[in-house]
$ cat my_file00.txt   # compact mmCIF, C-alpha atoms
# COMPACT_ATOMS: atom_id res chain seq x y z
CA MET A 1 -33.95 3.73 15.24
CA GLY A 2 -32.07 7.00 15.38
CA TRP A 3 -29.31 8.45 17.49
CA ARG A 4 -31.36 8.04 20.61
CA GLY A 5 -31.66 4.30 19.98
CA ILE A 6 -27.95 3.94 19.32
CA GLY A 7 -27.22 5.91 22.47
CA HIS A 8 -29.43 3.55 24.46
CA ILE A 9 -27.65 0.51 23.05
CA ALA A 10 -24.23 2.01 23.78
CA ALA A 11 -25.28 2.89 27.32
CA LEU A 12 -26.70 -0.59 27.88
CA LEU A 13 -23.60 -2.32 26.58
CA THR A 14 -21.39 -0.08 28.66
CA LEU A 15 -23.42 -0.91 31.76
CA LEU A 16 -23.38 -4.64 31.01
CA PHE A 17 -19.67 -4.78 30.46
CA GLY A 18 -18.83 -2.28 33.13
CA ALA A 19 -20.69 -4.36 35.69
CA GLY A 20 -19.24 -7.71 34.74
CA VAL A 21 -15.86 -7.02 33.26
CA ALA A 22 -13.45 -4.48 34.55
CA PHE A 23 -10.95 -2.88 32.24
CA ALA A 24 -8.83 -5.98 32.20
CA GLU A 25 -5.11 -5.78 31.58
CA ASP A 26 -4.85 -7.37 28.20
CA ASP A 27 -2.74 -10.42 27.56
CA CYS A 28 -0.82 -8.85 24.69
CA ALA A 29 2.91 -8.71 25.29
CA ALA A 30 4.32 -9.04 21.78
CA PRO A 31 3.20 -8.42 18.21
CA SER A 32 1.15 -11.29 16.80
CA GLU A 33 -1.92 -11.99 14.67
CA GLU A 34 -3.97 -10.83 17.65
CA CYS A 35 -1.87 -8.02 19.08
CA VAL A 36 -0.41 -4.78 17.78
CA ALA A 37 1.95 -2.21 19.24
CA VAL A 38 0.29 0.92 20.56
CA GLY A 39 1.26 4.08 18.73
CA ARG A 40 2.63 2.42 15.61
CA TRP A 41 1.40 2.32 12.05
CA ASN A 42 0.87 -1.10 10.51
CA LEU A 43 1.19 -1.21 6.75
CA SER A 44 0.87 -4.19 4.47
CA VAL A 45 -0.05 -4.90 0.90
CA ALA A 46 -1.54 -8.00 -0.65
CA VAL A 47 -0.65 -8.72 -4.24
CA GLY A 48 -2.39 -11.40 -6.21
CA ALA A 49 -5.32 -12.21 -8.41
CA GLY A 50 -8.95 -11.93 -7.47
CA VAL A 51 -12.30 -10.47 -8.30
CA ARG A 52 -15.46 -9.18 -6.67
CA THR A 53 -18.54 -9.64 -8.83
CA ASN A 54 -20.78 -6.65 -9.38
CA PRO A 55 -24.50 -7.40 -9.10
CA VAL A 56 -25.57 -4.08 -10.63
CA ILE A 57 -26.63 -3.97 -14.27
CA HIS A 58 -23.76 -2.64 -16.42
CA GLY A 59 -21.54 -2.69 -13.37
CA GLN A 60 -18.17 -4.23 -14.08
CA ASP A 61 -16.65 -6.80 -11.79
CA ILE A 62 -14.03 -5.35 -9.46
CA PRO A 63 -10.54 -6.79 -9.83
CA LEU A 64 -8.59 -7.55 -6.66
CA VAL A 65 -4.94 -7.24 -7.60
CA VAL A 66 -3.22 -4.89 -5.18
CA VAL A 67 -4.88 -4.56 -1.79
CA PRO A 68 -3.15 -2.15 0.59
CA GLN A 69 -4.04 -2.40 4.26
CA PHE A 70 -3.17 0.01 7.03
CA SER A 71 -4.03 0.48 10.65
CA TYR A 72 -2.99 2.51 13.65
CA TYR A 73 -3.84 1.74 17.24
CA GLY A 74 -3.48 4.30 19.98
CA LYS A 75 -4.36 3.63 23.59
CA ARG A 76 -8.04 4.12 22.79
CA PHE A 77 -8.25 5.55 19.28
CA PHE A 78 -7.68 3.37 16.24
CA ILE A 79 -8.06 3.52 12.51
CA ASP A 80 -8.42 0.26 10.65
CA ASN A 81 -8.29 1.00 6.93
CA LEU A 82 -11.26 3.32 6.41
CA ASP A 83 -12.82 2.64 9.82
CA PRO A 84 -11.81 5.01 12.63
CA GLY A 85 -12.94 4.18 16.13
CA VAL A 86 -12.55 4.67 19.84
CA THR A 87 -12.29 1.69 22.17
CA LEU A 88 -14.46 2.28 25.20
CA PHE A 89 -13.06 -0.73 26.97
CA GLU A 90 -11.03 -3.76 26.13
CA GLY A 91 -10.91 -7.03 27.99
CA GLU A 92 -9.32 -10.34 27.13
CA THR A 93 -12.51 -11.59 25.52
CA ASN A 94 -14.79 -8.59 25.03
CA THR A 95 -14.20 -5.24 23.41
CA LEU A 96 -16.63 -2.37 23.03
CA SER A 97 -15.87 0.43 20.61
CA LEU A 98 -17.57 3.27 18.85
CA ILE A 99 -16.69 3.08 15.19
CA ALA A 100 -17.39 4.81 11.90
CA SER A 101 -17.42 2.92 8.62
CA PRO A 102 -18.15 3.87 5.02
CA GLY A 103 -21.40 2.81 3.38
CA TYR A 104 -20.51 -0.40 1.60
CA ASP A 105 -22.80 -0.57 -1.44
CA ARG A 106 -21.23 2.40 -3.19
CA VAL A 107 -18.43 0.08 -4.32
CA PHE A 108 -20.78 -1.33 -6.96
CA PHE A 109 -21.48 2.09 -8.47
CA TYR A 110 -18.06 3.75 -8.39
CA ARG A 111 -14.87 1.92 -9.19
CA SER A 112 -13.02 4.90 -7.69
CA ASP A 113 -14.64 4.37 -4.30
CA LEU A 114 -11.92 4.16 -1.67
CA GLN A 115 -13.26 0.83 -0.51
CA ASN A 116 -12.31 -0.57 -3.92
CA PHE A 117 -8.85 0.89 -3.48
CA PHE A 118 -8.36 -0.71 -0.11
CA LEU A 119 -9.90 -3.93 -1.32
CA GLY A 120 -8.90 -4.07 -4.92
CA ASN A 121 -7.53 -2.28 -7.89
CA PHE A 122 -7.99 1.45 -7.96
CA THR A 123 -9.36 2.50 -11.33
CA PRO A 124 -10.59 6.08 -11.44
CA ALA A 125 -13.50 5.46 -13.78
CA GLY A 126 -17.13 6.50 -13.66
CA GLY A 127 -19.70 4.19 -12.15
CA ALA A 128 -22.85 2.53 -13.26
CA THR A 129 -25.13 5.43 -12.49
CA GLN A 130 -27.33 4.94 -15.52
CA SER A 131 -28.98 1.68 -16.40
CA THR A 132 -31.40 0.15 -18.83
CA TYR A 133 -33.83 -2.43 -17.51
CA ALA A 134 -37.03 -4.21 -18.41
CA ALA A 135 -39.56 -4.74 -15.65
CA SER A 136 -40.93 -7.72 -17.55
CA PRO A 137 -39.99 -9.45 -20.80
CA GLN A 138 -42.90 -7.79 -22.56
CA GLN A 139 -42.02 -4.27 -21.49
CA GLU A 140 -39.68 -2.18 -23.55
CA ARG A 141 -36.42 -1.23 -21.95
CA ARG A 142 -36.41 2.00 -19.97
CA GLU A 143 -33.64 4.33 -18.97
CA ILE A 144 -33.14 4.87 -15.28
CA PRO A 145 -31.91 8.44 -14.79
CA ALA A 146 -28.37 8.87 -13.60
CA ARG A 147 -28.23 9.57 -9.89
CA PRO A 148 -25.16 10.08 -7.76
CA ARG A 149 -24.51 7.87 -4.75
CA ARG A 150 -22.36 9.98 -2.46
CA ILE A 151 -19.78 8.71 -0.02
CA THR A 152 -21.57 8.00 3.22
CA TYR A 153 -20.36 7.11 6.66
CA LEU A 154 -22.15 5.12 9.29
CA ALA A 155 -21.29 5.19 12.97
CA GLY A 156 -22.29 3.37 16.11
CA PRO A 157 -21.27 0.84 18.73
CA GLU A 158 -19.31 -2.29 17.93
CA TRP A 159 -19.05 -5.25 20.22
CA THR A 160 -16.46 -7.91 19.50
CA PHE A 161 -15.68 -10.99 21.49
CA LYS A 162 -13.65 -14.15 21.45
CA TYR A 163 -14.97 -17.34 22.95
CA ALA A 164 -13.49 -20.85 22.53
CA GLY A 165 -11.47 -19.64 19.56
CA VAL A 166 -14.52 -18.17 17.81
CA THR A 167 -14.44 -14.46 17.08
CA GLY A 168 -17.67 -12.49 17.02
CA GLN A 169 -18.55 -9.01 15.83
CA LEU A 170 -21.77 -7.05 16.17
CA ASP A 171 -22.14 -3.50 14.86
CA TYR A 172 -25.19 -1.28 14.91
CA LEU A 173 -24.52 1.69 12.67
CA HIS A 174 -26.46 4.79 11.72
CA GLU A 175 -25.76 6.89 8.64
CA ILE A 176 -24.24 10.14 9.88
CA THR A 177 -23.42 12.00 6.66
CA GLY A 178 -27.00 13.05 6.04
CA ARG A 179 -27.53 11.21 2.73
CA ASN A 180 -30.06 8.58 3.69
CA HIS A 181 -30.31 8.45 7.53
CA GLY A 182 -30.46 4.68 7.32
CA ASP A 183 -29.36 2.01 9.76
CA GLU A 184 -27.25 -1.07 9.33
CA LEU A 185 -26.58 -4.12 11.46
CA ARG A 186 -23.42 -6.12 10.85
CA ALA A 187 -23.00 -9.44 12.62
CA ALA A 188 -20.37 -12.06 11.94
CA LEU A 189 -18.53 -15.01 13.44
CA GLY A 190 -14.99 -16.08 12.60
CA ILE A 191 -14.42 -19.79 13.17
CA PRO A 192 -10.97 -21.41 12.96
CA LEU A 193 -11.11 -24.68 11.03
CA GLY A 194 -7.66 -25.95 11.87
CA GLN A 195 -4.23 -26.40 10.38
CA MET A 196 -3.94 -28.27 7.12
CA GLY A 197 -0.86 -26.96 5.37
CA GLY A 198 -1.76 -23.56 6.80
CA SER A 199 -4.57 -21.94 8.78
CA TRP A 200 -8.10 -22.47 7.52
CA SER A 201 -11.01 -20.39 8.76
CA ALA A 202 -14.69 -19.87 8.07
CA ASN A 203 -16.59 -16.64 8.51
CA VAL A 204 -20.37 -16.47 8.53
CA GLY A 205 -22.61 -13.51 9.15
CA VAL A 206 -25.41 -11.24 8.08
CA THR A 207 -25.81 -7.61 7.15
CA TRP A 208 -29.17 -6.00 7.69
CA LYS A 209 -29.79 -2.75 5.83
CA SER A 210 -32.75 -0.52 6.49
CA ALA A 211 -35.05 0.50 3.63
CA ALA A 212 -33.48 3.99 3.65
CA ILE A 213 -30.06 2.56 2.81
CA VAL A 214 -31.36 0.05 0.26
CA ASN A 215 -33.38 2.76 -1.49
CA TYR A 216 -30.43 5.14 -1.57
CA TYR A 217 -28.42 2.70 -3.65
CA TYR A 218 -30.92 0.46 -5.42
CA GLY A 219 -34.21 2.32 -5.41
CA GLY A 220 -35.71 5.45 -6.91
CA PRO A 221 -39.00 7.33 -6.58
CA ASP A 222 -40.15 6.56 -10.09
CA PHE A 223 -39.01 3.00 -10.56
CA TYR A 224 -38.49 1.05 -7.34
CA GLN A 225 -39.30 1.45 -3.67
CA ALA A 226 -37.30 -1.03 -1.68
CA GLY A 227 -37.84 -2.46 1.76
CA TRP A 228 -35.08 -3.53 4.13
CA ALA A 229 -32.67 -6.27 3.10
CA LEU A 230 -30.94 -9.04 4.99
CA ASN A 231 -27.74 -10.28 3.33
CA PRO A 232 -26.20 -13.47 4.73
CA PHE A 233 -22.65 -14.32 3.77
CA ALA A 234 -20.10 -17.09 4.18
CA LYS A 235 -16.37 -17.11 3.60
CA ILE A 236 -13.63 -19.72 3.57
CA GLY A 237 -10.14 -18.38 4.12
CA TYR A 238 -6.64 -19.82 4.02
CA SER A 239 -3.45 -18.30 5.33
CA ARG A 240 0.10 -19.56 5.57
CA PRO A 241 3.18 -17.62 6.71
CA LEU A 242 5.99 -17.81 4.18
CA SER A 243 8.52 -15.75 6.10
CA ARG A 244 8.63 -13.03 8.71
CA LYS A 245 7.30 -10.52 6.18
CA TRP A 246 5.38 -12.63 3.66
CA LYS A 247 2.16 -14.54 4.04
CA LEU A 248 0.18 -16.56 1.52
CA GLU A 249 -3.54 -15.75 1.59
CA ALA A 250 -6.61 -16.95 -0.23
CA PHE A 251 -10.34 -16.66 0.31
CA VAL A 252 -13.73 -17.13 -1.27
CA HIS A 253 -16.54 -14.95 0.04
CA CYS A 254 -20.14 -15.30 -1.07
CA GLU A 255 -22.92 -12.90 -0.08
CA HIS A 256 -26.58 -13.44 -0.86
CA LEU A 257 -28.46 -10.22 -1.53
CA GLY A 258 -31.70 -9.84 0.38
CA ASN A 259 -34.97 -9.35 -1.50
CA GLY A 260 -34.96 -5.60 -0.97
CA ILE A 261 -31.80 -5.39 -3.08
CA ALA A 262 -32.22 -8.42 -5.34
CA ASP A 263 -35.68 -7.26 -6.49
CA SER A 264 -34.38 -3.91 -7.68
CA PRO A 265 -34.54 -3.54 -11.46
CA ILE A 266 -30.94 -2.35 -11.52
CA VAL A 267 -29.69 -5.54 -9.89
CA ARG A 268 -29.04 -8.52 -12.13
CA ASN A 269 -27.52 -11.06 -9.73
CA HIS A 270 -28.65 -12.24 -6.33
CA TYR A 271 -25.13 -13.05 -5.19
CA VAL A 272 -21.86 -11.19 -4.82
CA THR A 273 -18.83 -13.45 -4.91
CA SER A 274 -15.34 -12.30 -4.00
CA ALA A 275 -12.29 -14.50 -4.42
CA PHE A 276 -8.60 -13.80 -4.00
CA VAL A 277 -5.33 -15.67 -3.92
CA GLY A 278 -2.06 -13.88 -3.37
CA ALA A 279 0.70 -12.94 -0.99
CA THR A 280 0.65 -10.30 1.70
CA TYR A 281 3.81 -8.35 2.47
CA VAL A 282 4.16 -6.58 5.79
CA ILE A 283 5.77 -3.21 5.06
CA HIS A 284 5.78 -1.89 8.62
CA ARG A 285 4.62 -3.24 11.91
CA MET B 1 -6.93 49.45 32.12
CA ILE B 2 -4.00 51.89 32.39
CA ARG B 3 -3.10 50.41 35.75
CA ILE B 4 -3.09 46.92 34.24
CA ARG B 5 -0.90 48.07 31.39
CA ARG B 6 1.54 49.71 33.80
CA THR B 7 1.55 46.65 35.99
CA GLY B 8 2.30 44.47 32.97
CA ARG B 9 5.16 46.74 31.92
CA TRP B 10 6.68 46.61 35.40
CA ALA B 11 6.29 42.86 35.49
CA ALA B 12 8.10 42.58 32.17
CA ARG B 13 10.94 44.77 33.47
CA LEU B 14 11.17 42.70 36.63
CA ILE B 15 11.34 39.46 34.63
CA ALA B 16 14.01 40.96 32.37
CA LEU B 17 16.07 42.00 35.41
CA LEU B 18 15.68 38.57 36.93
CA GLY B 19 16.77 37.04 33.64
CA LEU B 20 19.89 39.22 33.57
CA TRP B 21 20.66 38.33 37.15
CA MET B 22 20.23 34.60 36.52
CA ALA B 23 21.95 34.51 33.14
CA PRO B 24 25.54 34.23 34.36
CA SER B 25 24.75 31.28 36.63
CA ALA B 26 22.89 29.53 33.80
CA TYR B 27 25.73 30.28 31.45
CA SER B 28 28.46 28.74 33.55
CA ALA B 29 26.85 25.33 33.93
CA LEU B 30 29.89 24.03 35.76
CA ASP B 31 30.46 26.30 38.79
CA PRO B 32 33.70 25.91 40.70
CA PRO B 33 33.18 23.14 43.27
CA PRO B 34 33.94 23.57 46.98
CA GLU B 35 37.59 23.40 48.05
CA GLY B 36 39.08 19.96 47.41
CA ASN B 37 36.19 18.71 45.32
CA ILE B 38 36.10 17.88 41.64
CA LYS B 39 32.89 18.30 39.68
CA LEU B 40 32.19 16.16 36.62
CA GLN B 41 29.36 16.66 34.15
CA ILE B 42 28.45 14.64 31.10
CA SER B 43 26.04 15.43 28.30
CA PRO B 44 23.77 13.78 27.37
CA ARG B 45 22.95 12.11 30.68
CA ILE B 46 20.22 9.86 29.25
CA CYS B 47 19.90 7.98 25.98
CA THR B 48 16.43 6.73 25.06
CA LEU B 49 16.15 3.72 22.78
CA THR B 50 12.96 3.85 20.75
CA GLY B 51 11.29 1.27 18.58
CA LYS B 52 13.69 -1.23 17.14
CA ASP B 53 16.86 0.63 18.23
CA THR B 54 19.24 -1.74 19.95
CA GLN B 55 21.98 0.69 20.92
CA CYS B 56 22.76 4.34 21.35
CA GLU B 57 25.17 6.04 19.03
CA THR B 58 25.96 9.57 20.10
CA PRO B 59 28.80 11.98 20.87
CA VAL B 60 29.24 12.36 24.63
CA HIS B 61 30.62 15.57 26.05
CA ALA B 62 32.44 15.32 29.41
CA GLN B 63 33.50 18.39 31.35
CA TRP B 64 35.18 18.64 34.74
CA ARG B 65 36.31 21.45 36.98
CA SER B 66 38.33 21.56 40.20
CA SER B 67 39.12 24.29 42.73
CA ARG B 68 42.81 23.56 42.21
CA GLU B 69 45.10 22.03 39.58
CA GLU B 70 44.83 18.29 39.26
CA SER B 71 46.46 15.47 37.37
CA LEU B 72 43.75 12.94 36.53
CA CYS B 73 42.24 10.70 33.91
CA LEU B 74 38.74 10.29 32.55
CA VAL B 75 37.77 6.65 32.09
CA ILE B 76 34.60 4.68 31.40
CA VAL B 77 33.98 1.59 33.52
CA ALA B 78 34.20 -1.61 31.45
CA ARG B 79 35.50 0.35 28.47
CA PRO B 80 39.31 0.13 28.77
CA ASP B 81 39.69 1.63 25.29
CA VAL B 82 38.53 5.02 26.59
CA LYS B 83 41.04 6.99 28.66
CA HIS B 84 41.91 10.66 28.50
CA CYS B 85 44.31 12.29 30.96
CA TRP B 86 45.20 15.83 32.05
CA GLU B 87 48.28 16.96 34.00
CA HIS B 88 48.12 20.06 36.18
CA TYR B 89 44.78 21.35 34.98
CA ALA B 90 41.93 22.86 36.96
CA GLU B 91 39.35 21.99 34.29
CA GLY B 92 39.03 19.87 31.21
CA VAL B 93 36.70 19.02 28.35
CA TYR B 94 36.58 15.84 26.34
CA THR B 95 34.17 14.73 23.61
CA ILE B 96 33.98 11.21 22.30
CA GLN B 97 31.70 9.34 19.89
CA LEU B 98 30.26 6.31 21.68
CA THR B 99 28.11 3.33 20.79
CA PHE B 100 26.57 1.54 23.73
CA ALA B 101 23.55 -0.47 24.80
CA GLU B 102 23.90 -0.35 28.59
CA ASP B 103 24.52 2.36 31.18
CA LEU B 104 27.98 3.91 31.02
CA THR B 105 29.80 5.05 34.15
CA PHE B 106 32.24 7.91 33.58
CA GLN B 107 34.90 8.32 36.26
CA LEU B 108 37.65 10.80 36.98
CA ARG B 109 40.56 8.93 38.61
CA ASP B 110 43.96 9.88 39.75
CA VAL B 111 46.79 9.13 37.30
CA SER B 112 47.47 5.76 38.95
CA LEU B 113 43.77 4.96 38.25
CA GLU B 114 43.39 3.68 41.80
CA HIS B 115 41.19 6.36 43.33
CA VAL B 116 37.89 7.57 41.97
CA LEU B 117 37.66 11.37 42.27
CA ALA B 118 34.26 11.89 40.62
CA SER B 119 31.68 9.78 38.85
CA GLU B 120 28.67 10.23 36.57
CA VAL B 121 26.39 7.71 34.86
CA LEU B 122 24.98 7.97 31.35
CA ARG B 123 21.76 5.98 31.56
CA VAL B 124 20.12 3.98 28.77
CA ILE B 125 16.33 3.94 28.85
CA ARG B 126 14.35 1.63 26.64
CA GLU B 127 10.99 2.89 25.49
CA ALA B 128 8.34 0.58 26.87
CA ILE B 129 6.22 -0.71 23.99
CA ARG B 130 2.63 -1.42 24.90
CA TYR B 131 0.54 -3.88 22.96
CA ARG B 132 -3.19 -4.19 22.61
CA HIS B 133 -5.66 -6.40 20.82
CA LYS B 134 -6.21 -5.79 17.16
CA ARG B 135 -9.77 -5.14 16.13
CA ARG B 136 -11.53 -8.44 15.51
CA GLN B 137 -13.48 -8.09 12.34
CA PRO B 138 -14.90 -11.27 10.83
CA TRP B 139 -17.39 -9.13 8.92
CA ASN B 140 -14.52 -7.66 6.91
CA ILE B 141 -13.93 -9.48 3.66
CA PHE B 142 -10.14 -9.30 4.10
CA ASP B 143 -9.93 -10.29 7.74

$ encode --input "my_file00.txt" --output "structure tokens"
Amino acid sequence: MGWRGIGHIAALLTLLFGAGVAFAEDDCAAPSEECVAVGRWNLSVAVGAGVRTNPVIHGQDIPLVVVPQFSYYGKRFFIDNLDPGVTLFEGETNTLSLIASPGYDRVFFYRSDLQNFFLGNFTPAGGATQSTYAASPQQERREIPARPRRITYLAGPEWTFKYAGVTGQLDYLHEITGRNHGDELRAALGIPLGQMGGSWSANVGVTWKSAAIVNYYYGGPDFYQAGWALNPFAKIGYSRPLSRKWKLEAFVHCEHLGNGIADSPIVRNHYVTSAFVGATYVIHR
Amino acid sequence: MIRIRRTGRWAARLIALLGLWMAPSAYSALDPPPEGNIKLQISPRICTLTGKDTQCETPVHAQWRSSREESLCLVIVARPDVKHCWEHYAEGVYTIQLTFAEDLTFQLRDVSLEHVLASEVLRVIREAIRYRHKRRQPWNIFD
């Protein structure tokens, strides 16, 4: 599916929502977990201890120590960390936006990738661009030639909703920086689990990556031709306000790599686990 | 092309002449009022509170002019600490540093403070803050 397909989806969603839901006046009247002031920057930083495992051979695990977060919401435009977007309409329960988001898998190849900075400790070091692997125990180890994985951006429509306390997100994104022309589907649900000494929540979802994206990161013409991959994930999160500015946060996030990725000779683990416990300080809101 | 250039030059001259003609009236912001009237002006006339500001803090410049000599006092309603008087003047200027959160009414009164001769209001406007939903992003690892 290319731009034409994305355009059709966007048009369809716009028609669906436009017919059923007018541009509702939102119910936001004060800053909260759900609402932000229009035209203001929101800055916060989480400090703690955590790690994201790296499934790539020779790839080092990514420490999560200082995690800055920023966002800005205009009337329609917003930027949420590295994701800029335009809200096409916003109701009390449904929101439709066009967003752009960086290609995720580069974080495993470059520690200096901005996504590691905004979700971990920035360490300007080279990445695992060269690997040794054995296709079978009997085969001798072979060098996989170093190959750069450039920064990519994907863009497309995003539909989010809230129903009975459950938050949903569905993105269909196409690579727009001309590196792999792949597509990606991101779908997730956020489910509140209740209050037990703080707020507990569970997130579940899947990421579907087209073969073009999987091959760009994990494949190569002379050693592995990947197909698409479907990565399911689950996360348990905990949050507790400590004061007006401080909040205690912890989570464990586990993602299973689909066969297209897990079968690559440069991938050693079938799971990526991220865990963090720390405190978030709101610098400006 | 020549005609356009000439036209432009004449237009520029005309604008310059108009500017010269209008300059004196713009310069004397406080023209003499009609006979028997007193004209009061304050600056600024509006204070806008933005963001988390709770009050305005600004110097306020008050200027009055009359067609004849007057003995009067400048006061601010509900601010008895502010009072400045003139005796036998046809105009006066007064500048004061003020901190305030609500509208201020400046009045010129006679020396007995019983009769209001002129009045102006310095308005406080609070910037309306709009809120909207944050992006819901359960796919994000840190959301």

$ closest_residue --input "my_file00.txt" --among "B:Gln41, B:Thr50, B:Leu98, B:Val116" --to "chain A" --atoms "all atoms listed in the file"
B:Thr50

$ interface_residues --input "my_file00.txt" --of "chain A" --to "chain B" --cutoff "6 Å" --atoms "only C-alpha atoms" --output "compact mmCIF listing (two decimals) with C-alpha atoms, keeping the file's coordinate frame"
# COMPACT_ATOMS: atom_id res chain seq x y z
CA CYS A 28 -0.82 -8.85 24.69
CA ALA A 29 2.91 -8.71 25.29
CA GLU A 34 -3.97 -10.83 17.65
CA CYS A 35 -1.87 -8.02 19.08
CA VAL A 36 -0.41 -4.78 17.78
CA ALA A 37 1.95 -2.21 19.24
CA VAL A 38 0.29 0.92 20.56
CA ALA A 188 -20.37 -12.06 11.94
CA LEU A 189 -18.53 -15.01 13.44
CA GLY A 190 -14.99 -16.08 12.60

$ atom_distance --input "my_file00.txt" --atom1 "atom CA of A:Tyr104" --atom2 "atom CA of A:Leu82"
11.1 Å

$ closest_residue --input "my_file00.txt" --among "A:Ala262, A:Val67, A:Lys162, A:Ser210" --to "A:Glu92" --atoms "all atoms listed in the file"
A:Lys162

$ closest_residue --input "my_file00.txt" --among "B:Val111, B:Arg79, B:Thr99, B:Glu127" --to "B:Pro59" --atoms "all atoms listed in the file"
B:Thr99

$ residues_around --input "my_file00.txt" --residues "B:Val93" --least-positions-apart "6" --cutoff "12 Å" --atoms "all atoms listed in the file" --output "list in words"
Leu30, Lys39, Leu40, Gln41, Ile42, Ser43, Val60, His61, Ala62, Gln63, Trp64, Arg65, Cys73, Leu74, His84, Cys85, Trp86 and Leu108 of chain B

$ write_last_selection --input "my_file00.txt" --atoms "C-alpha atoms" --output "mmCIF file, in the frame of the given file"
data_model
loop_
_atom_site.group_PDB
_atom_site.id
_atom_site.type_symbol
_atom_site.label_atom_id
_atom_site.label_comp_id
_atom_site.auth_asym_id
_atom_site.auth_seq_id
_atom_site.Cartn_x
_atom_site.Cartn_y
_atom_site.Cartn_z
ATOM 1 C CA LEU B 30 29.890 24.030 35.760
ATOM 2 C CA LYS B 39 32.890 18.300 39.680
ATOM 3 C CA LEU B 40 32.190 16.160 36.620
ATOM 4 C CA GLN B 41 29.360 16.660 34.150
ATOM 5 C CA ILE B 42 28.450 14.640 31.100
ATOM 6 C CA SER B 43 26.040 15.430 28.300
ATOM 7 C CA VAL B 60 29.240 12.360 24.630
ATOM 8 C CA HIS B 61 30.620 15.570 26.050
ATOM 9 C CA ALA B 62 32.440 15.320 29.410
ATOM 10 C CA GLN B 63 33.500 18.390 31.350
ATOM 11 C CA TRP B 64 35.180 18.640 34.740
ATOM 12 C CA ARG B 65 36.310 21.450 36.980
ATOM 13 C CA CYS B 73 42.240 10.700 33.910
ATOM 14 C CA LEU B 74 38.740 10.290 32.550
ATOM 15 C CA HIS B 84 41.910 10.660 28.500
ATOM 16 C CA CYS B 85 44.310 12.290 30.960
ATOM 17 C CA TRP B 86 45.200 15.830 32.050
ATOM 18 C CA LEU B 108 37.650 10.800 36.980
#

$ atom_distance --input "my_file00.txt" --atom1 "atom CA of B:Ala118" --atom2 "atom CA of B:Glu70"
12.4 Å

$ residues_near_point --input "my_file00.txt" --point "(4.7, -21.2, 6.5)" --cutoff "12 Å" --atoms "all atoms listed in the file" --output "list in words"
Gln195, Met196, Gly197, Gly198, Ser199, Tyr238, Ser239, Arg240, Pro241, Leu242, Ser243, Arg244, Lys245, Trp246, Lys247, Leu248, Glu249 and Ala279 of chain A

$ residues_around --input "my_file00.txt" --residues "B:Lys52" --least-positions-apart "2" --cutoff "12 Å" --atoms "only C-alpha atoms" --output "NGL selection string"
(:A and (37 or 40 or 284-285)) or (:B and (48-50 or 54-56 or 126-129))

$ residues_around --input "my_file00.txt" --residues "A:Pro55" --least-positions-apart "2" --cutoff "10 Å" --atoms "only C-alpha atoms" --output "list in words"
Arg52, Thr53, Ile57, His58, Gly59, Gln60, Asp61, Phe108, Phe109, Leu257, Ile261, Ala262, Ile266, Val267, Arg268, Asn269, His270, Tyr271, Val272 and Thr273 of chain A

$ residues_around --input "my_file00.txt" --residues "B:Thr105" --least-positions-apart "2" --cutoff "6 Å" --atoms "only C-alpha atoms" --output "ChimeraX atom specification"
/B:76-77,120-121

$ atom_distance --input "my_file00.txt" --atom1 "atom CA of A:Leu88" --atom2 "atom CA of A:Tyr73"
13.3 Å

$ residues_around --input "my_file00.txt" --residues "A:Ser71" --least-positions-apart "6" --cutoff "6 Å" --atoms "only C-alpha atoms" --output "list in words"
Trp41, Asn42, Ile79, Asp80 and Asn81 of chain A

$ closest_residue --input "my_file00.txt" --among "A:Pro157, A:Val47, A:Gly227, A:Gly278" --to "A:Gly182" --atoms "all atoms listed in the file"
A:Gly227

$ closest_residue --input "my_file00.txt" --among "A:Ala100, A:Ala46, A:Val282, A:Leu170" --to "A:Glu158" --atoms "only C-alpha atoms"
A:Leu170
